[in-house]
file work_5.txt (compact mmCIF, C-alpha atoms and all ligand atoms)
# COMPACT_ATOMS: atom_id res chain seq x y z
CA MET A 174 14.29 -10.03 -23.69
CA ALA A 175 12.52 -11.37 -26.78
CA ALA A 176 10.13 -8.94 -28.45
CA SER A 177 7.06 -11.14 -27.91
CA ALA A 178 7.82 -11.62 -24.20
CA ASP A 179 8.14 -7.87 -23.97
CA GLU A 180 4.75 -7.36 -25.63
CA ASP A 181 3.18 -9.88 -23.23
CA LEU A 182 4.65 -7.98 -20.29
CA ILE A 183 3.30 -4.65 -21.57
CA ALA A 184 -0.15 -6.19 -22.15
CA GLN A 185 -0.14 -7.66 -18.64
CA ILE A 186 0.84 -4.33 -17.07
CA SER A 187 -1.82 -2.47 -19.08
CA LYS A 188 -4.51 -4.88 -17.88
CA LEU A 189 -3.42 -4.43 -14.27
CA LYS A 190 -3.50 -0.67 -14.78
CA GLN A 191 -7.20 -1.05 -15.67
CA ASP A 192 -7.75 -3.14 -12.52
CA LEU A 193 -6.38 -0.26 -10.44
CA LYS A 194 -9.53 1.72 -11.23
CA SER A 195 -11.79 -0.51 -9.16
CA LYS A 196 -11.77 -0.59 -5.37
CA LYS A 197 -12.33 -4.36 -5.49
CA SER A 198 -9.28 -5.14 -7.61
CA PHE A 199 -6.92 -2.32 -6.59
CA VAL A 200 -5.00 -4.17 -3.85
CA ASN A 201 -4.61 -7.31 -5.92
CA ALA A 202 -3.47 -5.36 -8.98
CA CYS A 203 -0.88 -3.55 -6.85
CA ALA A 204 0.35 -6.88 -5.48
CA GLN A 205 0.75 -8.31 -8.99
CA LEU A 206 2.55 -5.19 -10.20
CA THR A 207 4.81 -5.48 -7.14
CA GLU A 208 5.64 -9.04 -8.10
CA ILE A 209 6.37 -7.98 -11.68
CA SER A 210 8.64 -5.19 -10.41
CA GLU A 211 10.51 -7.54 -8.09
CA GLN A 212 11.31 -9.81 -11.03
CA TRP A 213 12.16 -6.93 -13.35
CA SER A 214 14.71 -7.88 -16.00
CA GLN A 215 17.64 -5.59 -16.72
CA ASP A 216 16.95 -6.27 -20.42
CA ALA A 217 13.37 -4.99 -20.28
CA SER A 218 12.65 -2.51 -23.06
CA GLU A 219 12.03 1.20 -22.59
CA PRO A 220 8.33 0.78 -23.63
CA SER A 221 7.82 -1.78 -20.84
CA VAL A 222 9.47 0.56 -18.31
CA GLN A 223 7.14 3.27 -19.62
CA ALA A 224 4.09 0.97 -19.19
CA LEU A 225 5.05 0.23 -15.59
CA ARG A 226 5.65 3.92 -14.92
CA GLU A 227 2.15 4.74 -16.19
CA ALA A 228 0.54 1.97 -14.13
CA ALA A 229 2.35 3.06 -10.96
CA LYS A 230 1.44 6.66 -11.64
CA ALA A 231 -2.22 5.63 -12.04
CA ALA A 232 -2.00 3.81 -8.69
CA PHE A 233 -0.53 6.90 -7.06
CA THR A 234 -3.22 9.18 -8.53
CA ALA A 235 -5.99 6.80 -7.40
CA LEU A 236 -4.52 6.77 -3.88
CA GLN A 237 -4.38 10.55 -3.74
CA THR A 238 -7.84 11.14 -5.12
CA ARG A 239 -10.06 8.12 -4.44
CA PHE A 240 -8.72 5.22 -2.38
CA SER A 241 -7.30 7.00 0.65
CA ASN A 242 -7.79 4.17 3.18
CA PRO A 243 -4.42 3.10 4.75
CA LYS A 244 -4.86 -0.48 3.51
CA PHE A 245 -4.81 0.80 -0.08
CA TRP A 246 -1.79 2.98 0.65
CA GLN A 247 -0.07 -0.09 2.10
CA ALA A 248 -0.51 -1.93 -1.22
CA GLY A 249 0.77 1.14 -3.06
CA LEU A 250 3.76 1.45 -0.73
CA ASP A 251 4.79 -2.15 -1.41
CA LEU A 252 4.62 -1.42 -5.14
CA PHE A 253 6.59 1.84 -4.96
CA LEU A 254 9.27 0.20 -2.79
CA ALA A 255 9.65 -2.64 -5.29
CA ILE A 256 9.85 -0.25 -8.25
CA ASP A 257 12.27 2.04 -6.47
CA PHE A 258 14.61 -0.88 -5.88
CA HIS A 259 14.31 -2.83 -9.12
CA VAL A 260 13.15 -0.58 -11.95
CA PRO A 261 14.75 2.61 -13.29
CA ILE A 262 11.78 4.91 -12.67
CA GLU A 263 12.72 8.21 -11.09
CA ASP A 264 9.34 9.16 -9.61
CA ALA A 265 9.14 5.93 -7.56
CA GLY A 266 11.11 7.48 -4.69
CA LYS A 267 8.69 10.41 -4.54
CA TRP A 268 5.62 8.10 -4.57
CA ARG A 269 7.21 5.91 -1.91
CA ASP A 270 7.86 8.87 0.39
CA ALA A 271 4.26 10.07 0.01
CA ALA A 272 2.90 6.56 0.70
CA VAL A 273 5.05 6.15 3.82
CA GLU A 274 3.23 9.15 5.31
CA GLU A 275 -0.19 7.53 4.78
CA VAL A 276 0.24 4.04 6.23
CA ASP A 277 0.06 3.15 9.92
CA ASP A 278 3.09 3.48 12.21
CA GLU A 279 3.97 -0.20 12.20
CA ALA A 280 3.96 -0.41 8.40
CA ARG A 281 6.00 2.79 8.22
CA GLU A 282 8.74 1.31 10.42
CA ARG A 283 8.71 -1.88 8.36
CA ALA A 284 9.06 0.06 5.12
CA LYS A 285 11.97 2.09 6.46
CA GLU A 286 13.75 -1.05 7.64
CA GLN A 287 13.13 -2.73 4.28
CA ALA A 288 14.52 0.27 2.40
CA ARG A 289 17.58 0.33 4.67
CA LEU A 290 18.32 -3.38 4.16
CA ARG A 291 17.86 -3.05 0.43
CA ARG A 292 20.32 -0.18 0.28
CA LEU A 293 22.75 -2.26 2.32
CA GLN A 294 22.39 -5.17 -0.05
CA GLU A 295 22.79 -2.90 -3.05
CA ASP A 296 26.00 -1.47 -1.59
CA LYS A 297 27.34 -4.95 -1.00
CA MET A 298 26.53 -6.06 -4.54
CA HIS A 299 28.17 -2.90 -5.81
CA ASN A 300 31.29 -3.53 -3.70
CA LYS A 301 31.47 -7.10 -4.89
CA GLY A 302 32.01 -5.86 -8.43
CA GLN A 303 34.78 -3.57 -7.27
CA PHE A 304 36.66 -5.75 -4.85
CA GLY A 305 36.11 -9.24 -6.20
CA ASP A 306 35.86 -11.73 -3.38
CA ALA A 307 36.50 -9.20 -0.65
CA VAL A 308 32.82 -8.90 0.11
CA THR A 309 31.03 -9.21 3.42
CA PRO A 310 28.42 -11.93 3.09
CA LEU A 311 24.84 -10.89 3.78
CA SER A 312 23.64 -11.79 7.24
CA LEU A 313 20.74 -14.21 7.55
CA GLY A 314 18.42 -11.34 8.49
CA GLU A 315 19.45 -9.37 5.40
CA LEU A 316 19.08 -12.45 3.23
CA LEU A 317 15.57 -13.07 4.53
CA ALA A 318 14.68 -9.41 4.09
CA SER A 319 15.76 -9.63 0.47
CA GLN A 320 13.24 -12.47 0.12
CA GLY A 321 10.52 -10.28 1.60
CA ILE A 322 10.64 -11.89 5.04
CA VAL A 323 11.00 -9.19 7.65
CA LEU A 324 12.74 -10.27 10.79
CA VAL A 325 10.83 -9.25 13.90
CA GLU A 326 13.15 -9.13 16.85
CA GLU A 327 11.03 -7.56 19.56
CA ASP A 328 8.70 -10.10 21.12
CA ASP A 329 5.95 -7.54 21.64
CA ARG A 330 5.54 -6.94 17.92
CA ARG A 331 3.19 -9.48 16.43
CA PRO A 332 4.68 -10.97 13.27
CA GLY A 333 2.53 -11.73 10.24
CA MET A 334 1.39 -15.14 9.18
CA SER A 335 3.94 -17.26 7.29
CA ARG A 336 3.70 -17.39 3.51
CA ASP A 337 2.83 -21.09 3.56
CA ALA A 338 0.00 -20.56 6.04
CA ARG A 339 -1.27 -17.60 3.98
CA ALA A 340 -1.31 -19.74 0.85
CA GLU A 341 -3.44 -22.32 2.66
CA LEU A 342 -6.25 -19.95 3.68
CA ARG A 343 -9.45 -21.34 2.18
CA VAL A 344 -12.05 -19.61 0.04
CA LYS A 345 -15.65 -20.09 1.22
CA THR A 346 -19.07 -18.99 0.07
CA VAL A 347 -20.81 -16.54 2.41
CA LEU A 348 -24.07 -18.22 3.51
CA GLU A 349 -25.65 -15.31 5.38
CA GLU A 350 -24.89 -11.65 4.74
CA ASP A 351 -22.12 -10.56 7.07
CA VAL A 352 -19.77 -7.63 7.66
CA CYS A 353 -16.03 -7.91 7.11
CA VAL A 354 -14.51 -6.63 10.38
CA VAL A 355 -11.34 -5.50 8.60
CA CYS A 356 -13.01 -2.91 6.34
CA GLN A 357 -16.49 -2.80 7.93
CA GLU A 358 -18.08 -3.31 4.52
CA ALA A 359 -20.71 -5.90 3.63
CA MET A 360 -20.08 -9.44 2.44
CA PRO A 361 -23.32 -10.36 0.63
CA ALA A 362 -24.74 -13.88 0.86
CA GLY A 363 -23.45 -16.00 -2.01
CA SER A 364 -20.22 -14.03 -2.44
CA LYS A 365 -16.79 -15.59 -1.99
CA ALA A 366 -14.79 -14.86 1.14
CA LYS A 367 -11.53 -15.99 2.67
CA ALA A 368 -11.67 -18.01 5.89
CA MET A 369 -9.29 -18.08 8.84
CA PRO A 370 -8.70 -21.58 10.30
CA CYS A 371 -11.15 -20.64 13.11
CA GLY A 372 -13.87 -20.22 10.45
CA HIS A 373 -14.26 -16.42 10.52
CA LEU A 374 -14.75 -14.90 7.07
CA PHE A 375 -13.31 -11.75 5.50
CA HIS A 376 -12.93 -10.20 2.07
CA ASP A 377 -10.07 -11.89 0.26
CA GLU A 378 -7.90 -8.79 -0.05
CA CYS A 379 -8.78 -7.58 3.46
CA LEU A 380 -7.65 -10.83 5.07
CA LEU A 381 -4.49 -11.01 2.95
CA SER A 382 -3.39 -7.52 3.95
CA TRP A 383 -4.31 -8.30 7.58
CA VAL A 384 -2.31 -11.53 7.88
CA LYS A 385 0.77 -9.85 6.45
CA LYS A 386 0.80 -7.76 9.63
CA SER A 387 -0.77 -10.05 12.19
CA ASN A 388 -0.92 -13.75 12.84
CA SER A 389 -4.23 -13.74 14.70
CA CYS A 390 -7.87 -13.69 13.59
CA PRO A 391 -9.24 -10.09 13.51
CA THR A 392 -12.50 -11.34 15.05
CA CYS A 393 -11.54 -13.85 17.74
CA ARG A 394 -7.73 -13.50 18.01
CA PHE A 395 -7.27 -17.21 17.25
CA ASP A 396 -3.54 -17.44 16.56
CA ASP A 397 -2.41 -21.05 16.39
CA MET A 398 -0.75 -20.53 13.02
CA PRO A 399 2.87 -20.43 11.88
CA SER A 400 4.15 -16.85 11.80
CA GLU A 401 7.01 -15.29 9.86
CA LYS A 402 8.92 -15.22 13.17
CA ARG A 403 8.55 -18.96 13.58
CA HIS A 404 9.38 -19.42 9.92
CA TYR A 405 12.54 -17.40 10.49
CA ASP A 406 13.41 -19.52 13.53
CA ASP A 407 13.00 -22.65 11.42
CA VAL A 408 15.29 -21.29 8.71
CA GLN A 409 17.86 -20.22 11.28
CA ARG A 410 17.75 -23.66 12.90
CA GLN A 411 18.33 -25.33 9.54
CA VAL A 412 21.27 -23.04 8.79
CA MET A 413 22.77 -23.69 12.22
CA GLN A 414 22.44 -27.42 11.78
CA ARG A 415 24.24 -27.24 8.48
CA GLN A 416 26.90 -24.80 9.64
CA PRO A 417 27.29 -25.09 13.42
CA GLY A 418 28.78 -22.03 15.07
CA LEU A 419 27.89 -19.62 12.28
CA TYR A 420 25.12 -17.78 14.09
CA SER A 421 25.84 -18.63 17.71
ZN ZN B 501 -13.24 -6.33 3.96
ZN ZN B 502 -11.72 -16.11 14.25

call {"tool": "encode", "arguments": {"input": "work_5.txt", "output": "structure tokens", "more": "lines below"}}
Ligand SMILES: [Zn+2]
Ligand SMILES: [Zn+2]
result
Amino acid sequence: MAASADEDLIAQISKLKQDLKSKKSFVNACAQLTEISEQWSQDASEPSVQALREAAKAAFTALQTRFSNPKFWQAGLDLFLAIDFHVPIEDAGKWRDAAVEEVDDEARERAKEQARLRRLQEDKMHNKGQFGDAVTPLSLGELLASQGIVLVEEDDRRPGMSRDARAELRVKTVLEEDVCVVCQEAMPAGSKAKAMPCGHLFHDECLLSWVKKSNSCPTCRFDDMPSEKRHYDDVQRQVMQRQPGLYS
């Protein structure tokens, strides 16, 4: 990695570390650090690893001392999982285990499954180096999991909203003071909020963490939106059309 790119990365991480101090920007900062970790380069310098370690440690300390709500722990868990898998930081496993204890049951199961699939994938990549072509290809489910799409097999578990649908959620101005039903905190008139297609408004970060887990509106249960499950079905259909017999 070129020295200037490395400096940019360190500056970016340091700024996000500052954002972790505020309740308003904590979840978003964690999400951005997660993204950075997922794209971590093997050539990244030791100072940039150090910067990420300090930011993640700051997130962990904030979670332990100030932001104890499960939705904050969920953002932290995503970050620690990403670091544990992609970046050589020893403490990440310890932070991840602590975070797993603080999130709700559904998120805990998801995290365990994600960790299991990642280990599986890691083993397969490792084996590929050893045995050349004698490698079992990843299954579609494993492939999707490596892209962050968690396959939900049981019909009674509500899958989250698809990434495309999430990206299309609109930002609106709050006209009359309202309460966000996700966190029960105020949304003052004139502030920006994120709208579900049914028109109900929520804090940006509250709605984003909600739709990752559920495809329906927290207020009215409106759910006519593409879910990750449907997205998965679409991908599977495309694969089957291209390679008939592969997944039947
Ligand atoms: Zn809220
Ligand atoms: Zn609604």

call {"tool": "closest_atom_pairs", "arguments": {"input": "work_5.txt", "of": "chain A", "to": "ligand ZN 502 (chain B)", "cutoff": "7 Å", "atoms": "all atoms listed in the file", "output": "CSV"}}
result
residue,atom,partner,partner_atom,distance
A:Met369,CA,B:ZN502,ZN,6.2
A:Cys371,CA,B:ZN502,ZN,4.7
A:Gly372,CA,B:ZN502,ZN,6.0
A:His373,CA,B:ZN502,ZN,4.5
A:Cys390,CA,B:ZN502,ZN,4.6
A:Pro391,CA,B:ZN502,ZN,6.6
A:Thr392,CA,B:ZN502,ZN,4.9
A:Cys393,CA,B:ZN502,ZN,4.2
A:Arg394,CA,B:ZN502,ZN,6.1
A:Phe395,CA,B:ZN502,ZN,5.5

call {"tool": "residues_near_ligand", "arguments": {"input": "work_5.txt", "ligand": "ligand ZN 501 (chain B)", "cutoff": "7 Å", "atoms": "all atoms listed in the file", "output": "PyMOL selection string"}}
result
chain A and resi 353-358+375-376+379

call {"tool": "closest_residue", "arguments": {"input": "work_5.txt", "among": "A:Pro243, A:Pro220, A:Gly333, A:Gly249", "to": "Leu193 (chain A)", "atoms": "only C-alpha atoms"}}
result
A:Gly249

call {"tool": "residues_around", "arguments": {"input": "work_5.txt", "residues": "Asp270 (chain A)", "least_positions_apart": "3", "cutoff": "12 Å", "atoms": "all atoms listed in the file", "output": "compact mmCIF listing (two decimals) with C-alpha atoms, in the coordinates of the input"}}
result
# COMPACT_ATOMS: atom_id res chain seq x y z
CA PHE A 233 -0.53 6.90 -7.06
CA TRP A 246 -1.79 2.98 0.65
CA GLY A 249 0.77 1.14 -3.06
CA LEU A 250 3.76 1.45 -0.73
CA ASP A 251 4.79 -2.15 -1.41
CA PHE A 253 6.59 1.84 -4.96
CA LEU A 254 9.27 0.20 -2.79
CA ASP A 257 12.27 2.04 -6.47
CA ASP A 264 9.34 9.16 -9.61
CA ALA A 265 9.14 5.93 -7.56
CA GLY A 266 11.11 7.48 -4.69
CA LYS A 267 8.69 10.41 -4.54
CA VAL A 273 5.05 6.15 3.82
CA GLU A 274 3.23 9.15 5.31
CA GLU A 275 -0.19 7.53 4.78
CA VAL A 276 0.24 4.04 6.23
CA ARG A 281 6.00 2.79 8.22
CA ALA A 284 9.06 0.06 5.12
CA LYS A 285 11.97 2.09 6.46
CA ALA A 288 14.52 0.27 2.40

call {"tool": "closest_residue", "arguments": {"input": "work_5.txt", "among": "A:Val260, A:Ile186, A:Lys230, A:Arg291", "to": "Gln215 (chain A)", "atoms": "only C-alpha atoms"}}
result
A:Val260

call {"tool": "residues_around", "arguments": {"input": "work_5.txt", "residues": "Asp377 (chain A)", "least_positions_apart": "6", "cutoff": "9 Å", "atoms": "only C-alpha atoms", "output": "list of chain:residue names"}}
result
A:Val344, A:Lys365, A:Ala366, A:Lys367, A:Ala368

call {"tool": "atom_distance", "arguments": {"input": "work_5.txt", "atom1": "CA of Ile183 (chain A)", "atom2": "CA of Ala272 (chain A)"}}
result
24.9 Å

call {"tool": "atom_distance", "arguments": {"input": "work_5.txt", "atom1": "CA of Ala362 (chain A)", "atom2": "CA of Leu348 (chain A)"}}
result
5.1 Å

call {"tool": "atom_distance", "arguments": {"input": "work_5.txt", "atom1": "CA of Gln212 (chain A)", "atom2": "CA of Asp278 (chain A)"}}
result
28.0 Å

call {"tool": "residues_around", "arguments": {"input": "work_5.txt", "residues": "Ser214 (chain A)", "least_positions_apart": "4", "cutoff": "10 Å", "atoms": "all atoms listed in the file", "output": "ChimeraX atom specification"}}
result
/A:174,209-210,218,259-260

call {"tool": "closest_residue", "arguments": {"input": "work_5.txt", "among": "A:Ala217, A:Ala340, A:Leu206, A:Val200", "to": "Asn242 (chain A)", "atoms": "all atoms listed in the file"}}
result
A:Val200

call {"tool": "axis_aligned_box", "arguments": {"input": "work_5.txt", "around": "region 178-185 of chain A", "padding_each_side": "5 Å", "output": "JSON"}}
result
{"center_x": 4.0, "center_y": -8.1, "center_z": -22.1, "size_x": 18.3, "size_y": 17.0, "size_z": 17.0}

call {"tool": "closest_residue", "arguments": {"input": "work_5.txt", "among": "A:Phe258, A:Ala235, A:Ser241, A:Lys188", "to": "Arg289 (chain A)", "atoms": "only C-alpha atoms"}}
result
A:Phe258
